[in-house]
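*Asks:* Have a look at this one.
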Amino acid sequence: MSITVRRAEERDMYKILTLLGEVLELHARIRPDLFIPGTTKYTREELLKIISDDETPVFVADDGGDVAGYAFCVIKQPPFSTNMTKVKTLYIDDLCVDENIRGKHIGTLLFDHVKEQAKELGCQYVTLNVWEGNDSARHFYDKMGMSVRETMMEVRL
């Protein structure tokens with residue numbers, strides 16, 4: 001069966017919430033000082049609002065009716081500024097492929113779809129953040145041709 005990428009629908013919410021849990025657990029292992037295991041990023045109600053909003057499109061990799069992965073996106077435009085150009089960006093807030101079926105280029109399908117959607121929306125960039133320590137994600141995004149724009153630094157107190 002061929003995997004297609006489409007906008008998320010209400011019927012996809014259970015699997016999306018499951019995958020959000022996988023991502024949260026990964027982040028909790030990397031940064032237990034910031035992430036709480038056993039939680040998810042969004043509630044069911046928040047997720048329903050997000051997937052129905054055109055400013056926050058969510059795309060799913062559909063494997064014969066089952067969600068194999070997702071990409072949460074946000075259309076961003078900077079506020080008026082006298083020192084920066086006005087650019088439209090499609091920000092990938094979260095991208096995940098079911099850990100049981102990774103290695104089948106589903107992430108590439110999702111990423112390529114996001115890039116196409118960004119072009120259709122008139123965006124000049126696709127951006128995202130990667131947590132330090134999430135080496136597999138960093139490697140994937142490097143393969144997708146992404147490069148570092150800026151680095152957030154911290155000092156633990």
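Chain lettering (A, B, ...) mirrors the order of the structure tokens, residue numbering begins at 1 for each chain separately, and ligand numbering begins at 1 in order of display.
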Find the residues near Val114 (chain A): any atom within 10 Å, counting only C-alpha atoms, skip ones fewer than 3 places away on the same chain, and give them as a list in words.

*Replies:*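 Counting only the stated atoms, we get Val5, Pro57, Val58, Phe59, Ala71, Phe72, Cys73, Leu90, Tyr91, Ile92, Thr108, Leu109, Leu110, Phe111, Gln117, Ala118, Lys119, Glu120 and Val126 of chain A.
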
*Asks:* Could the residues in this selection be saved with N, CA and C atoms as a PDB file, in the first residue's frame?

*Replies:*
```pdb
ATOM      1  N   VAL A   5       0.366  11.769   1.968  1.00  0.00           N
ATOM      2  CA  VAL A   5       0.379  12.804   2.994  1.00  0.00           C
ATOM      3  C   VAL A   5      -0.827  13.698   2.768  1.00  0.00           C
ATOM      4  N   PRO A  57      -1.429  24.213  10.225  1.00  0.00           N
ATOM      5  CA  PRO A  57      -1.751  22.959   9.534  1.00  0.00           C
ATOM      6  C   PRO A  57      -0.971  21.775  10.092  1.00  0.00           C
ATOM      7  N   VAL A  58      -1.676  20.662  10.221  1.00  0.00           N
ATOM      8  CA  VAL A  58      -1.061  19.408  10.653  1.00  0.00           C
ATOM      9  C   VAL A  58      -1.235  18.425   9.506  1.00  0.00           C
ATOM     10  N   PHE A  59      -0.134  17.826   9.099  1.00  0.00           N
ATOM     11  CA  PHE A  59      -0.153  16.847   8.012  1.00  0.00           C
ATOM     12  C   PHE A  59       0.153  15.476   8.577  1.00  0.00           C
ATOM     13  N   ALA A  71       3.317  15.945  10.871  1.00  0.00           N
ATOM     14  CA  ALA A  71       4.103  17.181  10.911  1.00  0.00           C
ATOM     15  C   ALA A  71       3.163  18.297  11.348  1.00  0.00           C
ATOM     16  N   PHE A  72       3.422  18.857  12.536  1.00  0.00           N
ATOM     17  CA  PHE A  72       2.687  20.027  13.027  1.00  0.00           C
ATOM     18  C   PHE A  72       3.402  21.263  12.501  1.00  0.00           C
ATOM     19  N   CYS A  73       2.670  22.166  11.882  1.00  0.00           N
ATOM     20  CA  CYS A  73       3.277  23.361  11.312  1.00  0.00           C
ATOM     21  C   CYS A  73       2.569  24.621  11.803  1.00  0.00           C
ATOM     22  N   LEU A  90       7.159  28.795   7.205  1.00  0.00           N
ATOM     23  CA  LEU A  90       6.379  27.676   7.713  1.00  0.00           C
ATOM     24  C   LEU A  90       7.275  26.956   8.714  1.00  0.00           C
ATOM     25  N   TYR A  91       6.907  27.070   9.980  1.00  0.00           N
ATOM     26  CA  TYR A  91       7.672  26.510  11.081  1.00  0.00           C
ATOM     27  C   TYR A  91       7.144  25.113  11.387  1.00  0.00           C
ATOM     28  N   ILE A  92       8.042  24.136  11.418  1.00  0.00           N
ATOM     29  CA  ILE A  92       7.664  22.773  11.811  1.00  0.00           C
ATOM     30  C   ILE A  92       7.786  22.704  13.327  1.00  0.00           C
ATOM     31  N   THR A 108      10.826  11.647   5.217  1.00  0.00           N
ATOM     32  CA  THR A 108      11.162  12.394   3.997  1.00  0.00           C
ATOM     33  C   THR A 108       9.894  12.798   3.263  1.00  0.00           C
ATOM     34  N   LEU A 109       8.920  11.891   3.171  1.00  0.00           N
ATOM     35  CA  LEU A 109       7.636  12.223   2.533  1.00  0.00           C
ATOM     36  C   LEU A 109       6.970  13.401   3.242  1.00  0.00           C
ATOM     37  N   LEU A 110       6.935  13.351   4.566  1.00  0.00           N
ATOM     38  CA  LEU A 110       6.325  14.435   5.335  1.00  0.00           C
ATOM     39  C   LEU A 110       7.086  15.743   5.132  1.00  0.00           C
ATOM     40  N   PHE A 111       8.414  15.687   5.227  1.00  0.00           N
ATOM     41  CA  PHE A 111       9.223  16.896   5.087  1.00  0.00           C
ATOM     42  C   PHE A 111       9.057  17.504   3.690  1.00  0.00           C
ATOM     43  N   GLN A 117       4.002  22.616   0.599  1.00  0.00           N
ATOM     44  CA  GLN A 117       2.947  23.448   1.167  1.00  0.00           C
ATOM     45  C   GLN A 117       3.473  24.852   1.450  1.00  0.00           C
ATOM     46  N   ALA A 118       4.701  24.939   1.960  1.00  0.00           N
ATOM     47  CA  ALA A 118       5.307  26.240   2.243  1.00  0.00           C
ATOM     48  C   ALA A 118       5.404  27.070   0.970  1.00  0.00           C
ATOM     49  N   LYS A 119       5.819  26.449  -0.117  1.00  0.00           N
ATOM     50  CA  LYS A 119       5.906  27.161  -1.403  1.00  0.00           C
ATOM     51  C   LYS A 119       4.529  27.654  -1.833  1.00  0.00           C
ATOM     52  N   GLU A 120       3.524  26.779  -1.728  1.00  0.00           N
ATOM     53  CA  GLU A 120       2.161  27.158  -2.115  1.00  0.00           C
ATOM     54  C   GLU A 120       1.619  28.298  -1.267  1.00  0.00           C
ATOM     55  N   VAL A 126      11.374  27.236   5.504  1.00  0.00           N
ATOM     56  CA  VAL A 126      10.835  26.240   6.425  1.00  0.00           C
ATOM     57  C   VAL A 126      11.848  26.193   7.558  1.00  0.00           C
TER      58      VAL A 126
END
```

*Asks:* So that I can check the secondary structure, give me every residue of region 63-113 of chain A assigned strand (DSSP E or B) by backbone DSSP, as an MDAnalysis selection string.

*Replies:* chainID A and resid 63 66:76 89:97

*Asks:* Report, in Å to a single decimal, how far apart CA of Ile16 (chain A) and CA of Val67 (chain A) are.

*Replies:*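 Calculated distance between CA of Val67 (chain A) and CA of Ile16 (chain A) is 7.3 Å.
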
*Asks:* Show which residues sit within 7 Å of region 35-40 of chain A, as a list of chain:residue names. Count only C-alpha atoms, and ignore same-chain residues fewer than 2 positions away.

*Replies:*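 Surrounding residues, per the criterion: A:Leu20, A:Gly21, A:Leu24, A:Glu25, A:His27, A:Ala28, A:Arg31, A:Pro32, A:Asp33, A:Tyr42.
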
*Asks:* Please produce a file of those selected residues containing C-alpha atoms, as a PDB file, in the first residue's frame.

*Replies:*
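This went into result38.pdb:
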```pdb
ATOM      1  CA  LEU A  20       2.937  12.885  20.645  1.00  0.00           C
ATOM      2  CA  GLY A  21       3.476  10.673  23.676  1.00  0.00           C
ATOM      3  CA  LEU A  24       7.440  13.521  24.790  1.00  0.00           C
ATOM      4  CA  GLU A  25       9.105  10.420  26.227  1.00  0.00           C
ATOM      5  CA  HIS A  27      12.391  14.579  25.083  1.00  0.00           C
ATOM      6  CA  ALA A  28      11.934  13.570  28.743  1.00  0.00           C
ATOM      7  CA  ARG A  31      15.895  16.741  29.166  1.00  0.00           C
ATOM      8  CA  PRO A  32      14.205  15.405  32.336  1.00  0.00           C
ATOM      9  CA  ASP A  33      14.662  18.874  33.833  1.00  0.00           C
ATOM     10  CA  TYR A  42      -1.575  18.856  23.714  1.00  0.00           C
TER      11      TYR A  42
END
```

*Asks:* Quick one: everything within 10 Å of Gly69 (chain A), counting only C-alpha atoms, minus sequence neighbours fewer than 4 positions away in the same chain. Send it as an MDAnalysis selection string.

*Replies:* chainID A and resid 5 15:16 19:20 59:63 95:99 101:102 106:107 109:110

*Asks:* As a ChimeraX atom specification, please: every residue in region 14-92 of chain A that a backbone DSSP assignment puts in helix (DSSP H, G or I).

*Replies:* /A:14-30,44-51

*Asks:* From the options A:Arg156, A:His113, A:Lys76, A:Lys104, which residue's atoms come nearest to Arg7 (chain A), counting only C-alpha atoms?

*Replies:* A:His113

*Asks:* If I take CA of Thr85 (chain A) and CA of Ile51 (chain A), how far is one from the other in Å, to one decimal?

*Replies:*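 For CA of Thr85 (chain A) relative to CA of Ile51 (chain A), the distance reads 29.3 Å.
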
*Asks:* Region 138-140 of chain A: which residues within 10 Å, counting only C-alpha atoms, same-chain residues fewer than 6 positions away excluded, as a VMD selection string?

*Replies:* chain A and resid 107 to 108 129 to 132 146 to 147

*Asks:* Considering only C-alpha atoms, can you say which of A:Met144, A:Met13, A:Gly103, A:Asp94 comes closest to Leu128 (chain A)?

*Replies:*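 Of A:Met144, A:Met13, A:Gly103, A:Asp94, the one nearest Leu128 (chain A) is A:Asp94, counting only C-alpha atoms.
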
*Asks:* Report as a ChimeraX atom specification all protein, DNA and RNA residues lying within 9 Å of Val87 (chain A), evaluated on only C-alpha atoms, omitting residues in the same chain fewer than 2 positions from it.

*Replies:* /A:76-78,84-85,89,123-125

*Asks:* Can I get the selected residues back with all heavy atoms, as a PDB file, in the first residue's frame?

*Replies:*
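Ended up saving to part_18.pdb:
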```pdb
ATOM      1  N   LYS A  76       4.265  31.544  10.181  1.00  0.00           N
ATOM      2  CA  LYS A  76       4.795  32.649  10.978  1.00  0.00           C
ATOM      3  C   LYS A  76       5.178  33.820  10.083  1.00  0.00           C
ATOM      4  O   LYS A  76       5.792  33.626   9.028  1.00  0.00           O
ATOM      5  CB  LYS A  76       6.028  32.202  11.766  1.00  0.00           C
ATOM      6  CG  LYS A  76       5.728  31.207  12.859  1.00  0.00           C
ATOM      7  CD  LYS A  76       6.928  31.008  13.744  1.00  0.00           C
ATOM      8  CE  LYS A  76       6.546  30.180  14.964  1.00  0.00           C
ATOM      9  NZ  LYS A  76       7.578  30.204  15.975  1.00  0.00           N
ATOM     10  N   GLN A  77       4.802  34.995  10.534  1.00  0.00           N
ATOM     11  CA  GLN A  77       5.219  36.233   9.892  1.00  0.00           C
ATOM     12  C   GLN A  77       5.679  37.166  10.999  1.00  0.00           C
ATOM     13  O   GLN A  77       4.961  37.346  11.984  1.00  0.00           O
ATOM     14  CB  GLN A  77       4.074  36.853   9.096  1.00  0.00           C
ATOM     15  CG  GLN A  77       3.643  35.985   7.931  1.00  0.00           C
ATOM     16  CD  GLN A  77       2.617  36.664   7.047  1.00  0.00           C
ATOM     17  OE1 GLN A  77       2.681  37.850   6.825  1.00  0.00           O
ATOM     18  NE2 GLN A  77       1.678  35.891   6.560  1.00  0.00           N
ATOM     19  N   PRO A  78       6.872  37.737  10.867  1.00  0.00           N
ATOM     20  CA  PRO A  78       7.369  38.576  11.954  1.00  0.00           C
ATOM     21  C   PRO A  78       6.551  39.855  12.086  1.00  0.00           C
ATOM     22  O   PRO A  78       5.970  40.333  11.109  1.00  0.00           O
ATOM     23  CB  PRO A  78       8.805  38.892  11.519  1.00  0.00           C
ATOM     24  CG  PRO A  78       8.782  38.769  10.033  1.00  0.00           C
ATOM     25  CD  PRO A  78       7.772  37.694   9.725  1.00  0.00           C
ATOM     26  N   MET A  84      14.594  44.171  10.095  1.00  0.00           N
ATOM     27  CA  MET A  84      14.547  42.830   9.505  1.00  0.00           C
ATOM     28  C   MET A  84      13.549  42.811   8.363  1.00  0.00           C
ATOM     29  O   MET A  84      12.535  43.508   8.399  1.00  0.00           O
ATOM     30  CB  MET A  84      14.167  41.777  10.558  1.00  0.00           C
ATOM     31  CG  MET A  84      15.222  41.620  11.644  1.00  0.00           C
ATOM     32  SD  MET A  84      14.894  40.238  12.739  1.00  0.00           S
ATOM     33  CE  MET A  84      15.370  38.864  11.706  1.00  0.00           C
ATOM     34  N   THR A  85      13.847  41.975   7.375  1.00  0.00           N
ATOM     35  CA  THR A  85      12.944  41.856   6.242  1.00  0.00           C
ATOM     36  C   THR A  85      11.678  41.121   6.663  1.00  0.00           C
ATOM     37  O   THR A  85      11.689  40.331   7.610  1.00  0.00           O
ATOM     38  CB  THR A  85      13.613  41.089   5.078  1.00  0.00           C
ATOM     39  OG1 THR A  85      13.972  39.781   5.537  1.00  0.00           O
ATOM     40  CG2 THR A  85      14.840  41.824   4.579  1.00  0.00           C
ATOM     41  N   THR A  89       7.283  32.343   6.963  1.00  0.00           N
ATOM     42  CA  THR A  89       7.954  31.077   7.256  1.00  0.00           C
ATOM     43  C   THR A  89       6.926  30.024   7.637  1.00  0.00           C
ATOM     44  O   THR A  89       5.947  30.322   8.312  1.00  0.00           O
ATOM     45  CB  THR A  89       8.927  31.278   8.446  1.00  0.00           C
ATOM     46  OG1 THR A  89       9.880  32.268   8.101  1.00  0.00           O
ATOM     47  CG2 THR A  89       9.633  30.000   8.805  1.00  0.00           C
ATOM     48  N   CYS A 123       5.686  31.034   1.360  1.00  0.00           N
ATOM     49  CA  CYS A 123       6.732  31.137   2.382  1.00  0.00           C
ATOM     50  C   CYS A 123       8.113  31.159   1.729  1.00  0.00           C
ATOM     51  O   CYS A 123       8.333  30.530   0.696  1.00  0.00           O
ATOM     52  CB  CYS A 123       6.650  29.956   3.352  1.00  0.00           C
ATOM     53  SG  CYS A 123       5.134  29.902   4.316  1.00  0.00           S
ATOM     54  N   GLN A 124       9.029  31.854   2.374  1.00  0.00           N
ATOM     55  CA  GLN A 124      10.411  31.887   1.912  1.00  0.00           C
ATOM     56  C   GLN A 124      11.286  30.859   2.633  1.00  0.00           C
ATOM     57  O   GLN A 124      12.375  30.538   2.152  1.00  0.00           O
ATOM     58  CB  GLN A 124      11.021  33.287   2.124  1.00  0.00           C
ATOM     59  CG  GLN A 124      10.457  34.348   1.210  1.00  0.00           C
ATOM     60  CD  GLN A 124       9.141  34.933   1.712  1.00  0.00           C
ATOM     61  OE1 GLN A 124       8.792  34.824   2.879  1.00  0.00           O
ATOM     62  NE2 GLN A 124       8.376  35.539   0.819  1.00  0.00           N
ATOM     63  N   TYR A 125      10.834  30.370   3.779  1.00  0.00           N
ATOM     64  CA  TYR A 125      11.627  29.438   4.583  1.00  0.00           C
ATOM     65  C   TYR A 125      10.746  28.376   5.230  1.00  0.00           C
ATOM     66  O   TYR A 125       9.579  28.618   5.509  1.00  0.00           O
ATOM     67  CB  TYR A 125      12.351  30.166   5.737  1.00  0.00           C
ATOM     68  CG  TYR A 125      13.321  31.215   5.287  1.00  0.00           C
ATOM     69  CD1 TYR A 125      12.937  32.549   5.230  1.00  0.00           C
ATOM     70  CD2 TYR A 125      14.614  30.880   4.923  1.00  0.00           C
ATOM     71  CE1 TYR A 125      13.828  33.526   4.816  1.00  0.00           C
ATOM     72  CE2 TYR A 125      15.515  31.852   4.514  1.00  0.00           C
ATOM     73  CZ  TYR A 125      15.119  33.173   4.464  1.00  0.00           C
ATOM     74  OH  TYR A 125      15.995  34.138   4.049  1.00  0.00           O
TER      75      TYR A 125
END
```

*Asks:* I need the residue nearest Arg29 (chain A) from this list: A:Glu46, A:Glu150, A:Asn134, A:Asp112. Use only C-alpha atoms for the distance.

*Replies:*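 Comparing A:Glu46, A:Glu150, A:Asn134, A:Asp112 against Arg29 (chain A), the winner is A:Asn134.
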
*Asks:* Between A:Asp53, A:Asp93, A:Glu45, A:Asp12, which residue has the minimum interatomic distance to Ala68 (chain A), considering only C-alpha atoms?

*Replies:* A:Asp12

*Asks:* Could you tell me how far CA of Leu17 (chain A) sits from CA of Leu47 (chain A), in Å to one decimal place?

*Replies:* 8.3 Å
